[in-house]
>>> print(open('structure_36.txt').read())   # compact mmCIF, C-alpha atoms and all ligand atoms
# COMPACT_ATOMS: atom_id res chain seq x y z
CA MET A 843 11.90 103.86 41.79
CA ALA A 844 12.52 107.51 42.63
CA ILE A 845 9.31 108.74 41.13
CA LEU A 846 7.20 106.93 43.69
CA ARG A 847 9.01 108.64 46.55
CA LEU A 848 8.13 112.09 45.27
CA PRO A 849 5.52 113.96 47.30
CA ALA A 850 3.03 113.85 44.44
CA ALA A 851 0.00 114.37 46.68
CA ARG A 852 1.48 117.59 48.06
CA LEU A 853 2.65 118.71 44.62
CA ALA A 854 -0.82 118.15 43.22
CA GLY A 855 -2.46 120.13 46.04
CA PRO A 856 -4.19 123.47 45.56
CA GLY A 857 -1.23 125.73 46.32
CA PRO A 858 1.62 126.38 43.87
CA ALA A 859 4.54 123.96 44.28
CA ALA A 860 8.16 125.06 44.07
CA VAL A 861 9.61 124.97 40.57
CA GLU A 862 12.44 122.70 41.76
CA GLU A 863 9.93 120.17 43.09
CA ILE A 864 7.92 120.19 39.88
CA ALA A 865 11.08 119.82 37.80
CA ALA A 866 12.25 116.93 39.99
CA HIS A 867 8.91 115.14 39.55
CA VAL A 868 8.91 115.71 35.77
CA VAL A 869 12.49 114.59 35.21
CA ALA A 870 12.17 111.57 37.52
CA ALA A 871 9.39 110.39 35.20
CA ALA A 872 10.93 111.46 31.88
CA VAL A 873 14.13 109.46 32.38
CA TRP A 874 12.02 106.28 32.19
CA ALA A 875 11.19 106.94 28.56
CA PRO A 876 12.51 104.32 26.13
CA SER A 877 15.55 105.26 24.05
CA VAL A 878 17.57 103.56 21.36
CA HIS A 879 20.02 101.15 23.11
CA ASN A 880 18.89 102.84 26.35
CA SER A 881 21.33 105.61 25.45
CA GLN A 882 19.14 108.18 27.29
CA PRO A 883 20.30 110.97 24.96
CA TRP A 884 18.83 113.86 26.93
CA TRP A 885 19.35 116.42 29.66
CA PHE A 886 17.03 118.99 31.20
CA SER A 887 17.38 122.55 32.41
CA VAL A 888 15.08 124.74 34.48
CA ASP A 889 14.77 128.47 34.07
CA GLY A 890 11.98 130.25 35.93
CA GLN A 891 8.67 128.52 35.25
CA GLU A 892 10.07 126.59 32.31
CA ILE A 893 11.75 123.22 31.76
CA SER A 894 13.87 122.71 28.64
CA LEU A 895 14.63 119.30 27.17
CA HIS A 896 17.94 119.07 25.30
CA ALA A 897 19.31 116.30 23.08
CA ASP A 898 22.68 115.07 24.36
CA VAL A 899 24.59 114.66 21.12
CA GLY A 900 27.45 112.97 22.99
CA ARG A 901 25.08 110.02 23.47
CA ARG A 902 24.01 109.79 19.83
CA LEU A 903 24.82 106.51 18.05
CA MET A 904 27.49 107.88 15.73
CA VAL A 905 27.48 104.80 13.47
CA ALA A 906 23.87 103.59 13.55
CA ASP A 907 22.22 107.01 13.79
CA PRO A 908 24.38 109.62 12.00
CA ARG A 909 21.46 112.04 11.42
CA GLY A 910 20.25 111.84 15.02
CA ARG A 911 16.85 110.47 13.96
CA GLU A 912 16.65 107.83 16.69
CA MET A 913 18.12 110.28 19.20
CA MET A 914 15.25 112.68 18.46
CA ILE A 915 12.63 109.90 18.62
CA SER A 916 14.02 109.02 22.05
CA CYS A 917 13.84 112.67 23.13
CA GLY A 918 10.26 112.86 21.83
CA ALA A 919 9.40 109.91 24.07
CA ALA A 920 10.94 111.74 27.04
CA LEU A 921 8.99 114.88 26.10
CA PHE A 922 5.67 113.04 26.11
CA THR A 923 6.51 111.59 29.52
CA ALA A 924 7.44 115.03 30.86
CA ARG A 925 4.14 116.49 29.65
CA LEU A 926 2.24 113.59 31.19
CA ALA A 927 4.08 114.10 34.48
CA LEU A 928 2.91 117.72 34.52
CA ARG A 929 -0.64 116.54 33.87
CA SER A 930 -0.31 114.08 36.76
CA LEU A 931 0.15 117.15 38.98
CA GLY A 932 -2.84 118.92 37.47
CA TYR A 933 -0.83 121.38 35.35
CA ILE A 934 -1.58 122.00 31.68
CA PRO A 935 1.72 121.83 29.78
CA GLU A 936 2.36 124.39 27.07
CA THR A 937 5.03 123.01 24.79
CA ALA A 938 7.19 124.62 22.11
CA VAL A 939 8.93 121.88 20.10
CA LEU A 940 12.27 122.82 18.49
CA PRO A 941 11.57 126.46 19.39
CA ASP A 942 14.91 127.92 18.28
CA PRO A 943 16.36 127.14 14.82
CA GLY A 944 19.69 128.42 16.13
CA GLN A 945 19.72 125.69 18.80
CA PRO A 946 18.86 122.43 17.00
CA LEU A 947 19.57 120.38 20.13
CA LEU A 948 16.97 122.28 22.16
CA VAL A 949 14.16 119.76 21.68
CA ALA A 950 11.43 121.56 23.60
CA ARG A 951 10.53 124.19 26.16
CA VAL A 952 7.64 123.34 28.44
CA ARG A 953 5.73 125.75 30.69
CA TRP A 954 2.77 125.06 32.97
CA PRO A 955 0.84 128.32 33.45
CA ARG A 956 -2.62 126.85 34.07
CA ARG A 957 -4.24 123.97 35.90
CA ALA A 958 -7.04 121.50 35.20
CA ASP A 959 -8.24 118.37 36.98
CA VAL A 960 -6.33 115.22 36.09
CA ALA A 961 -8.47 112.87 34.00
CA GLU A 962 -8.70 109.19 34.94
CA PHE A 963 -7.04 108.07 31.69
CA GLU A 964 -4.12 110.44 32.35
CA ARG A 965 -3.64 108.88 35.79
CA ARG A 966 -3.73 105.41 34.27
CA LEU A 967 -1.18 106.35 31.61
CA PHE A 968 1.11 107.93 34.18
CA ASP A 969 0.89 104.78 36.35
CA GLN A 970 2.55 102.87 33.48
CA VAL A 971 5.59 105.14 33.12
CA LEU A 972 7.71 103.00 35.45
CA ARG A 973 5.97 99.69 34.77
CA ARG A 974 6.24 99.63 30.98
CA ARG A 975 9.17 97.59 29.60
CA THR A 976 10.32 96.75 26.10
CA HIS A 977 9.59 93.11 25.26
CA ARG A 978 11.94 90.95 23.19
CA GLY A 979 10.55 87.73 21.77
CA GLY A 980 7.18 86.20 20.98
CA PHE A 981 3.74 86.92 22.40
CA SER A 982 0.81 84.84 23.59
CA PRO A 983 -1.57 84.01 20.72
CA LEU A 984 -4.45 85.92 22.36
CA PRO A 985 -5.77 88.57 19.95
CA LEU A 986 -5.75 92.25 20.91
CA SER A 987 -8.99 94.13 21.02
CA PRO A 988 -9.76 96.00 17.80
CA GLY A 989 -10.90 98.84 20.07
CA LEU A 990 -7.37 99.21 21.47
CA LEU A 991 -5.84 99.35 17.99
CA ALA A 992 -8.29 102.07 16.96
CA VAL A 993 -7.40 104.09 20.07
CA LEU A 994 -3.67 103.69 19.34
CA GLN A 995 -4.10 104.85 15.76
CA GLU A 996 -6.16 107.85 16.78
CA GLY A 997 -3.57 108.74 19.43
CA ALA A 998 -0.66 108.62 16.98
CA GLY A 999 -2.54 111.03 14.73
CA ARG A 1000 -2.84 113.50 17.60
CA ASP A 1001 0.96 113.61 17.88
CA GLY A 1002 1.50 114.12 14.12
CA ALA A 1003 2.37 110.50 13.31
CA MET A 1004 0.59 107.41 11.97
CA LEU A 1005 0.42 103.88 13.31
CA ARG A 1006 -0.02 101.52 10.37
CA ILE A 1007 -1.06 97.96 11.11
CA VAL A 1008 0.86 95.61 8.84
CA ASP A 1009 -1.67 92.86 8.25
CA GLY A 1010 -1.80 90.11 5.72
CA ASP A 1011 0.69 87.25 5.83
CA GLY A 1012 2.56 88.56 2.78
CA SER A 1013 3.25 92.04 4.17
CA ARG A 1014 4.18 90.69 7.61
CA ALA A 1015 6.62 88.26 6.01
CA VAL A 1016 8.14 91.03 3.87
CA LEU A 1017 8.67 93.25 6.91
CA ALA A 1018 10.10 90.36 8.95
CA ALA A 1019 12.52 89.64 6.10
CA ALA A 1020 13.57 93.31 6.06
CA VAL A 1021 14.25 93.17 9.83
CA GLU A 1022 16.30 89.99 9.35
CA THR A 1023 18.26 91.50 6.44
CA GLY A 1024 18.94 94.66 8.46
CA GLU A 1025 20.07 92.64 11.47
CA GLN A 1026 22.45 90.52 9.36
CA ALA A 1027 23.88 93.60 7.61
CA LEU A 1028 24.51 95.30 10.96
CA ARG A 1029 26.15 92.21 12.47
CA ALA A 1030 28.53 92.09 9.50
CA ASP A 1031 29.52 95.74 9.98
CA GLY A 1032 32.45 95.93 12.43
CA ALA A 1033 31.97 99.60 13.40
CA TYR A 1034 28.31 99.02 14.06
CA ALA A 1035 28.98 95.84 16.10
CA ARG A 1036 31.53 97.70 18.25
CA GLU A 1037 29.06 100.52 18.87
CA LEU A 1038 26.29 98.09 19.87
CA ALA A 1039 28.72 96.28 22.20
CA SER A 1040 29.54 99.59 23.89
CA TRP A 1041 25.84 99.96 24.81
CA ALA A 1042 25.45 96.35 26.03
CA PRO A 1043 27.13 96.04 29.45
CA PRO A 1044 27.99 92.57 30.80
CA PRO A 1045 26.12 90.82 33.65
CA GLY A 1046 26.79 92.47 37.00
CA SER A 1047 27.69 95.85 35.50
CA THR A 1048 26.80 98.87 37.66
CA ARG A 1049 26.19 101.08 34.63
CA ARG A 1050 22.89 102.93 34.60
CA ASP A 1051 22.59 103.11 30.81
CA GLY A 1052 22.76 100.67 27.92
CA VAL A 1053 20.78 97.44 27.59
CA PRO A 1054 21.59 95.13 30.54
CA PRO A 1055 21.30 91.31 30.26
CA THR A 1056 18.26 91.49 32.56
CA ALA A 1057 16.39 93.17 29.69
CA TYR A 1058 16.59 90.43 27.06
CA PRO A 1059 16.28 86.63 26.94
CA ALA A 1060 19.40 84.54 26.41
CA ARG A 1061 17.40 82.51 23.91
CA PRO A 1062 14.68 84.63 22.32
CA GLY A 1063 11.71 82.47 21.39
CA ARG A 1064 10.95 82.10 17.71
CA THR A 1065 7.95 83.84 16.22
CA TRP A 1066 6.05 83.32 13.03
CA PRO A 1067 7.08 85.16 10.97
CA GLN A 1068 10.46 85.46 12.65
CA PHE A 1069 11.39 89.04 13.69
CA ALA A 1070 15.12 89.03 14.43
CA SER A 1071 16.25 90.45 17.78
CA ARG A 1072 19.27 92.69 18.27
CA ASP A 1073 22.40 90.78 19.29
CA PHE A 1074 23.00 92.61 22.58
CA ALA A 1075 24.87 89.60 24.03
CA HIS A 1076 27.23 89.48 21.00
CA GLY A 1077 27.35 85.69 21.17
CA ARG A 1078 28.30 85.39 24.86
CA GLY A 1079 25.11 83.75 26.09
CA TRP A 1080 24.12 86.70 28.30
CA GLY A 1081 20.45 87.29 29.04
CA THR A 1082 17.64 86.02 31.23
CA SER A 1083 16.67 82.37 31.38
CA PHE A 1084 13.05 83.04 30.41
CA SER A 1085 12.14 80.37 27.94
CA PRO A 1086 9.09 80.25 25.74
CA ALA A 1087 6.23 78.11 27.03
CA SER A 1088 6.51 75.76 24.07
CA ALA A 1089 9.05 74.94 21.38
CA ALA A 1090 6.54 75.96 18.71
CA PRO A 1091 6.95 79.51 17.34
CA GLY A 1092 5.08 82.14 19.38
CA SER A 1093 2.95 84.85 17.90
CA ALA A 1094 4.73 87.86 16.36
CA GLY A 1095 1.81 89.91 17.71
CA VAL A 1096 0.17 92.82 15.95
CA VAL A 1097 2.88 94.22 13.68
CA CYS A 1098 2.84 97.98 13.16
CA LEU A 1099 4.89 100.70 11.50
CA LEU A 1100 5.08 104.09 13.14
CA THR A 1101 5.39 106.59 10.30
CA THR A 1102 5.43 110.33 9.61
CA THR A 1103 4.71 112.26 6.42
CA GLY A 1104 8.01 114.18 6.64
CA ASP A 1105 11.47 113.18 7.77
CA ARG A 1106 12.84 116.20 9.62
CA PRO A 1107 13.73 116.58 13.31
CA LEU A 1108 10.20 117.78 14.08
CA ASP A 1109 8.77 114.59 12.57
CA TRP A 1110 11.18 112.51 14.66
CA VAL A 1111 10.16 114.26 17.89
CA ASN A 1112 6.50 113.77 16.90
CA ALA A 1113 7.17 110.08 16.28
CA GLY A 1114 8.74 109.80 19.75
CA GLN A 1115 5.74 111.43 21.40
CA ALA A 1116 3.38 109.15 19.46
CA LEU A 1117 5.50 106.15 20.43
CA LEU A 1118 5.18 106.86 24.14
CA ARG A 1119 1.46 107.51 23.93
CA ALA A 1120 1.04 104.15 22.15
CA LEU A 1121 3.31 102.24 24.56
CA LEU A 1122 1.66 103.62 27.70
CA THR A 1123 -1.87 103.20 26.32
CA SER A 1124 -1.06 99.58 25.41
CA ALA A 1125 0.43 98.99 28.85
CA THR A 1126 -2.81 100.12 30.54
CA CYS A 1127 -4.42 97.13 28.77
CA GLY A 1128 -1.66 94.68 29.71
CA VAL A 1129 -0.18 94.85 26.22
CA ALA A 1130 3.61 95.06 25.75
CA ALA A 1131 5.62 96.15 22.72
CA ALA A 1132 8.72 94.87 20.97
CA MET A 1133 10.67 97.40 18.89
CA HIS A 1134 12.83 96.79 15.83
CA SER A 1135 14.82 99.55 14.24
CA GLN A 1136 17.50 97.46 12.49
CA PRO A 1137 16.16 97.86 8.90
CA LEU A 1138 15.58 101.57 9.43
CA GLU A 1139 19.30 102.07 10.15
CA ARG A 1140 20.13 100.95 6.58
CA ALA A 1141 19.14 103.56 3.99
CA ARG A 1142 18.14 101.16 1.22
CA LEU A 1143 16.05 98.96 3.47
CA ARG A 1144 14.33 101.98 4.95
CA GLU A 1145 13.53 103.24 1.46
CA PHE A 1146 12.20 99.80 0.52
CA ILE A 1147 9.89 99.78 3.56
CA ARG A 1148 8.81 103.37 2.87
CA THR A 1149 7.78 102.66 -0.70
CA GLN A 1150 6.46 99.09 -0.31
CA LEU A 1151 4.73 99.13 3.08
CA CYS A 1152 4.14 102.76 4.09
CA GLY A 1153 2.53 104.30 1.02
CA GLY A 1154 5.43 106.75 0.76
CA ALA A 1155 5.35 107.88 4.41
CA TYR A 1156 8.61 107.66 6.36
CA PRO A 1157 8.98 104.64 8.64
CA GLN A 1158 10.33 105.63 12.07
CA LEU A 1159 9.98 102.37 14.02
CA VAL A 1160 8.72 98.81 13.66
CA LEU A 1161 6.54 97.78 16.60
CA ARG A 1162 5.01 94.46 17.59
CA LEU A 1163 2.25 94.48 20.18
CA GLY A 1164 0.98 91.56 22.24
CA GLN A 1165 0.43 90.01 25.63
CA VAL A 1166 3.30 88.64 27.70
CA THR A 1167 3.83 87.41 31.24
CA GLN A 1168 7.59 87.90 31.71
CA ALA A 1169 8.93 91.26 32.79
CA ALA A 1170 12.30 92.61 31.69
CA VAL A 1171 14.37 94.78 34.03
CA SER A 1172 16.03 97.94 32.75
CA VAL A 1173 18.15 100.71 34.28
CA ARG A 1174 18.29 104.52 34.16
CA ARG A 1175 20.69 107.27 35.14
CA SER A 1176 19.54 109.22 38.18
CA PRO A 1177 17.30 112.24 37.53
CA ALA A 1178 19.77 114.38 39.46
CA SER A 1179 22.51 113.63 36.93
CA VAL A 1180 20.50 114.98 33.99
CA LEU A 1181 18.79 118.02 35.56
CA PHE A 1182 20.56 121.38 35.61
CA ALA A 1183 19.65 124.91 36.57
CA SER A 1184 19.88 127.32 33.63
CA GLY A 1185 23.31 128.46 34.83
CA GLY A 1186 24.67 124.94 34.31
CA GLU A 1187 24.94 123.71 37.92
CA HIS A 1188 23.04 120.62 39.10
CA LEU A 1189 19.65 121.45 40.52
CA CYS A 1190 19.06 120.46 44.13
CA LEU A 1191 16.61 117.55 44.08
CA SER A 1192 15.89 117.20 47.78
CA HIS A 1193 12.31 117.26 48.99
CA GLY A 1194 12.70 117.89 52.68
C1 LIG A 1201 14.16 104.85 18.58
C2 LIG A 1201 14.20 103.54 19.34
C3 LIG A 1201 14.68 102.39 18.70
C4 LIG A 1201 14.72 101.17 19.38
N1 LIG A 1201 15.14 100.04 18.70
C5 LIG A 1201 15.15 98.86 19.33
C6 LIG A 1201 15.56 97.65 18.65
O1 LIG A 1201 15.88 97.67 17.46
N2 LIG A 1201 15.57 96.50 19.35
C7 LIG A 1201 15.22 96.43 20.68
O2 LIG A 1201 15.25 95.35 21.26
N3 LIG A 1201 14.81 97.54 21.34
C8 LIG A 1201 14.77 98.74 20.70
N4 LIG A 1201 14.37 99.86 21.37
C9 LIG A 1201 14.00 99.77 22.81
C10 LIG A 1201 15.16 100.20 23.72
O3 LIG A 1201 16.23 99.28 23.66
C11 LIG A 1201 14.62 100.34 25.14
O4 LIG A 1201 13.69 101.40 25.18
C12 LIG A 1201 15.71 100.63 26.17
O5 LIG A 1201 16.58 99.54 26.26
C13 LIG A 1201 15.11 100.91 27.56
O6 LIG A 1201 14.38 99.81 28.03
P1 LIG A 1201 12.83 99.90 28.40
O7 LIG A 1201 12.10 100.36 27.16
O8 LIG A 1201 12.45 98.50 28.78
O9 LIG A 1201 12.68 100.86 29.52
C14 LIG A 1201 14.31 101.10 20.72
C15 LIG A 1201 13.82 102.24 21.37
C16 LIG A 1201 13.76 103.46 20.69
C17 LIG A 1201 13.20 104.67 21.38
>>> encode(input="structure_36.txt", output="structure tokens")
Amino acid sequence: MAILRLPAARLAGPGPAAVEEIAAHVVAAAVWAPSVHNSQPWWFSVDGQEISLHADVGRRLMVADPRGREMMISCGAALFTARLALRSLGYIPETAVLPDPGQPLLVARVRWPRRADVAEFERRLFDQVLRRRTHRGGFSPLPLSPGLLAVLQEGAGRDGAMLRIVDGDGSRAVLAAAVETGEQALRADGAYARELASWAPPPGSTRRDGVPPTAYPARPGRTWPQFASRDFAHGRGWGTSFSPASAAPGSAGVVCLLTTTGDRPLDWVNAGQALLRALLTSATCGVAAAMHSQPLERARLREFIRTQLCGGAYPQLVLRLGQVTQAAVSVRRSPASVLFASGGEHLCLSHG
């Protein structure tokens, strides 16, 4: 948990901290953003008083994500975390998203010219950066507070996205059926199945990317309606032994669609920022999220969801929110391996 070892108290003190220390703090947090298949498709560079976030196209899912939509959502999530990390030090981030049309993989440049006291809610959000984990399975039947849902919806709007609650048994069943259809179509597609397998290391692997078996249950509990899980174990029985408290289907939770009005890279980065704000805000209330992108990786299913459930807006991710007791364990590459000085060499991350 590198981020906890950083000298945050000293960094947040009245005097200016060294750029390298600030960058180390920011990147140590940003790497804990969620990403599709935990591909972590990003790297960072530091130039003067500026951190740049770059999409790592070598980590894009070539089969499932040919346009780089999910790669950019993942980078947007890392961007939100980086901005929050600057706030945790009392800096006000100034962000230019996709600042250079000639460099489409340059996701954002972030500067921090001014300071302001850290608000309590910012501290609470930042506290969840390492704690938050993707959930896979059912939720407890306890309802979520309507106040939380309103806060999540307002927050998504601030990042240029919308969080639509899919309520009504009919709509929830239609969306669950779309997830199931997407999952079955992907399982039947050999190229897709090979790509997923390449991001799902076996038990005991020392890899620091991909979805490890500690992150998903060997037998995901059923939900009503049933939202199909990704087949990370590809039939080998990998996964944790967490079992649902009862054989009866668990709750699918509050089902939501994260949408944007456009469908360009800027919209995808916005969706990623909105995603992280929603996940961290939920986590401060003990609420976890399950994510499903299977139907959105099939063009016809995505179009169906767009027209039937999103009022014409573009669906970027299916989310289910609810309360859980089990905690998944995930992995990340080290911050040092993704942080470079502008000249290309690794930045020294020591804090002596
Ligand atoms: C764009 C995007 C799509 C995702 N799609 C799925 C999905 O379909 N199924 C799933 O179980 N998790 C999905 N996830 C969650 C990632 O697998 C998860 O973030 C990653 O494994 C890291 O684990 P953590 O979130 O617990 O830190 C998605 C995440 C992102 C950002």
>>> atom_distance(input="structure_36.txt", atom1="CA of Trp954 in chain A", atom2="CA of Pro941 in chain A")
16.2 Å
>>> closest_residue(input="structure_36.txt", among="A:Pro1045, A:Gly918, A:Pro988, A:Gly1077", to="ligand LIG 1201 (chain A)", atoms="only C-alpha atoms and all ligand atoms")
A:Gly918
>>> closest_residue(input="structure_36.txt", among="A:Gly1002, A:Gly900, A:Pro908, A:Pro1137", to="Thr1103 in chain A", atoms="only C-alpha atoms")
A:Gly1002
>>> residues_near_ligand(input="structure_36.txt", ligand="ligand LIG 1201 (chain A)", cutoff="8 Å", atoms="all atoms listed in the file", output="PDB file with C-alpha atoms, in the coordinates of the input")
ATOM      1  CA  TRP A 874      12.020 106.280  32.190  1.00  0.00           C
ATOM      2  CA  ALA A 875      11.190 106.940  28.560  1.00  0.00           C
ATOM      3  CA  PRO A 876      12.510 104.320  26.130  1.00  0.00           C
ATOM      4  CA  SER A 877      15.550 105.260  24.050  1.00  0.00           C
ATOM      5  CA  VAL A 878      17.570 103.560  21.360  1.00  0.00           C
ATOM      6  CA  HIS A 879      20.020 101.150  23.110  1.00  0.00           C
ATOM      7  CA  ASN A 880      18.890 102.840  26.350  1.00  0.00           C
ATOM      8  CA  SER A 881      21.330 105.610  25.450  1.00  0.00           C
ATOM      9  CA  ARG A 911      16.850 110.470  13.960  1.00  0.00           C
ATOM     10  CA  GLU A 912      16.650 107.830  16.690  1.00  0.00           C
ATOM     11  CA  MET A 913      18.120 110.280  19.200  1.00  0.00           C
ATOM     12  CA  MET A 914      15.250 112.680  18.460  1.00  0.00           C
ATOM     13  CA  ILE A 915      12.630 109.900  18.620  1.00  0.00           C
ATOM     14  CA  SER A 916      14.020 109.020  22.050  1.00  0.00           C
ATOM     15  CA  ALA A 919       9.400 109.910  24.070  1.00  0.00           C
ATOM     16  CA  ARG A 974       6.240  99.630  30.980  1.00  0.00           C
ATOM     17  CA  ARG A 975       9.170  97.590  29.600  1.00  0.00           C
ATOM     18  CA  THR A 976      10.320  96.750  26.100  1.00  0.00           C
ATOM     19  CA  HIS A 977       9.590  93.110  25.260  1.00  0.00           C
ATOM     20  CA  ARG A 978      11.940  90.950  23.190  1.00  0.00           C
ATOM     21  CA  GLY A1052      22.760 100.670  27.920  1.00  0.00           C
ATOM     22  CA  VAL A1053      20.780  97.440  27.590  1.00  0.00           C
ATOM     23  CA  PRO A1054      21.590  95.130  30.540  1.00  0.00           C
ATOM     24  CA  ALA A1057      16.390  93.170  29.690  1.00  0.00           C
ATOM     25  CA  TYR A1058      16.590  90.430  27.060  1.00  0.00           C
ATOM     26  CA  SER A1071      16.250  90.450  17.780  1.00  0.00           C
ATOM     27  CA  ARG A1072      19.270  92.690  18.270  1.00  0.00           C
ATOM     28  CA  GLY A1114       8.740 109.800  19.750  1.00  0.00           C
ATOM     29  CA  LEU A1117       5.500 106.150  20.430  1.00  0.00           C
ATOM     30  CA  ALA A1132       8.720  94.870  20.970  1.00  0.00           C
ATOM     31  CA  MET A1133      10.670  97.400  18.890  1.00  0.00           C
ATOM     32  CA  HIS A1134      12.830  96.790  15.830  1.00  0.00           C
ATOM     33  CA  SER A1135      14.820  99.550  14.240  1.00  0.00           C
ATOM     34  CA  GLN A1136      17.500  97.460  12.490  1.00  0.00           C
ATOM     35  CA  GLN A1158      10.330 105.630  12.070  1.00  0.00           C
ATOM     36  CA  LEU A1159       9.980 102.370  14.020  1.00  0.00           C
ATOM     37  CA  ALA A1170      12.300  92.610  31.690  1.00  0.00           C
ATOM     38  CA  VAL A1171      14.370  94.780  34.030  1.00  0.00           C
ATOM     39  CA  SER A1172      16.030  97.940  32.750  1.00  0.00           C
ATOM     40  CA  VAL A1173      18.150 100.710  34.280  1.00  0.00           C
TER      41      VAL A1173
END
>>> closest_residue(input="structure_36.txt", among="A:Leu895, A:Arg1119, A:Asp1009, A:Gln882", to="Ala865 in chain A", atoms="only C-alpha atoms")
A:Leu895
>>> closest_residue(input="structure_36.txt", among="A:Ala1075, A:Ala1042, A:Ala860, A:Ala1120", to="Leu991 in chain A", atoms="only C-alpha atoms")
A:Ala1120
>>> atom_distance(input="structure_36.txt", atom1="CA of Leu1099 in chain A", atom2="CA of Cys1152 in chain A")
7.7 Å
>>> axis_aligned_box(input="structure_36.txt", around="range 889-906 of chain A", padding_each_side="4 Å", output="JSON")
{"center_x": 18.1, "center_y": 116.9, "center_z": 24.7, "size_x": 26.8, "size_y": 34.7, "size_z": 30.5}
>>> atom_distance(input="structure_36.txt", atom1="CA of Leu1163 in chain A", atom2="CA of Ala1131 in chain A")
4.5 Å
>>> decode(input="structure_36.txt", residues="range 1146-1192 of chain A", atoms="C-alpha atoms", output="tab-separated table (two decimals), in the first residue's frame")
chain	number	residue	atom	x	y	z
A	1146	PHE	CA	-30.26	-1.48	-28.32
A	1147	ILE	CA	-29.44	-0.25	-24.80
A	1148	ARG	CA	-28.87	3.29	-26.09
A	1149	THR	CA	-32.24	3.52	-27.79
A	1150	GLN	CA	-34.35	1.46	-25.36
A	1151	LEU	CA	-32.95	2.38	-21.95
A	1152	CYS	CA	-30.90	5.57	-22.30
A	1153	GLY	CA	-33.21	7.91	-24.19
A	1154	GLY	CA	-30.64	8.12	-27.00
A	1155	ALA	CA	-27.64	8.90	-24.77
A	1156	TYR	CA	-24.58	6.66	-25.14
A	1157	PRO	CA	-24.20	3.93	-22.53
A	1158	GLN	CA	-20.62	3.74	-21.21
A	1159	LEU	CA	-20.96	1.27	-18.33
A	1160	VAL	CA	-23.56	-0.78	-16.47
A	1161	LEU	CA	-23.21	-0.42	-12.70
A	1162	ARG	CA	-24.91	-2.19	-9.82
A	1163	LEU	CA	-24.64	-0.63	-6.38
A	1164	GLY	CA	-25.27	-2.28	-3.02
A	1165	GLN	CA	-23.95	-3.34	0.35
A	1166	VAL	CA	-21.55	-6.26	0.73
A	1167	THR	CA	-19.39	-7.72	3.46
A	1168	GLN	CA	-16.74	-9.62	1.45
A	1169	ALA	CA	-13.70	-7.81	0.15
A	1170	ALA	CA	-11.97	-8.72	-3.10
A	1171	VAL	CA	-8.19	-8.36	-3.45
A	1172	SER	CA	-6.70	-6.78	-6.56
A	1173	VAL	CA	-3.18	-5.94	-7.75
A	1174	ARG	CA	-1.43	-2.98	-9.41
A	1175	ARG	CA	1.85	-2.29	-11.15
A	1176	SER	CA	4.21	-0.18	-9.07
A	1177	PRO	CA	3.91	3.60	-9.44
A	1178	ALA	CA	7.61	3.73	-10.30
A	1179	SER	CA	7.04	1.59	-13.39
A	1180	VAL	CA	4.52	4.02	-14.90
A	1181	LEU	CA	6.05	7.39	-13.98
A	1182	PHE	CA	8.63	9.00	-16.27
A	1183	ALA	CA	10.41	12.31	-16.44
A	1184	SER	CA	9.62	14.22	-19.64
A	1185	GLY	CA	12.88	13.00	-21.18
A	1186	GLY	CA	11.65	9.41	-20.95
A	1187	GLU	CA	13.73	8.09	-18.03
A	1188	HIS	CA	12.06	6.73	-14.88
A	1189	LEU	CA	11.55	9.37	-12.24
A	1190	CYS	CA	13.26	8.77	-8.91
A	1191	LEU	CA	10.52	7.94	-6.41
A	1192	SER	CA	12.52	7.92	-3.20
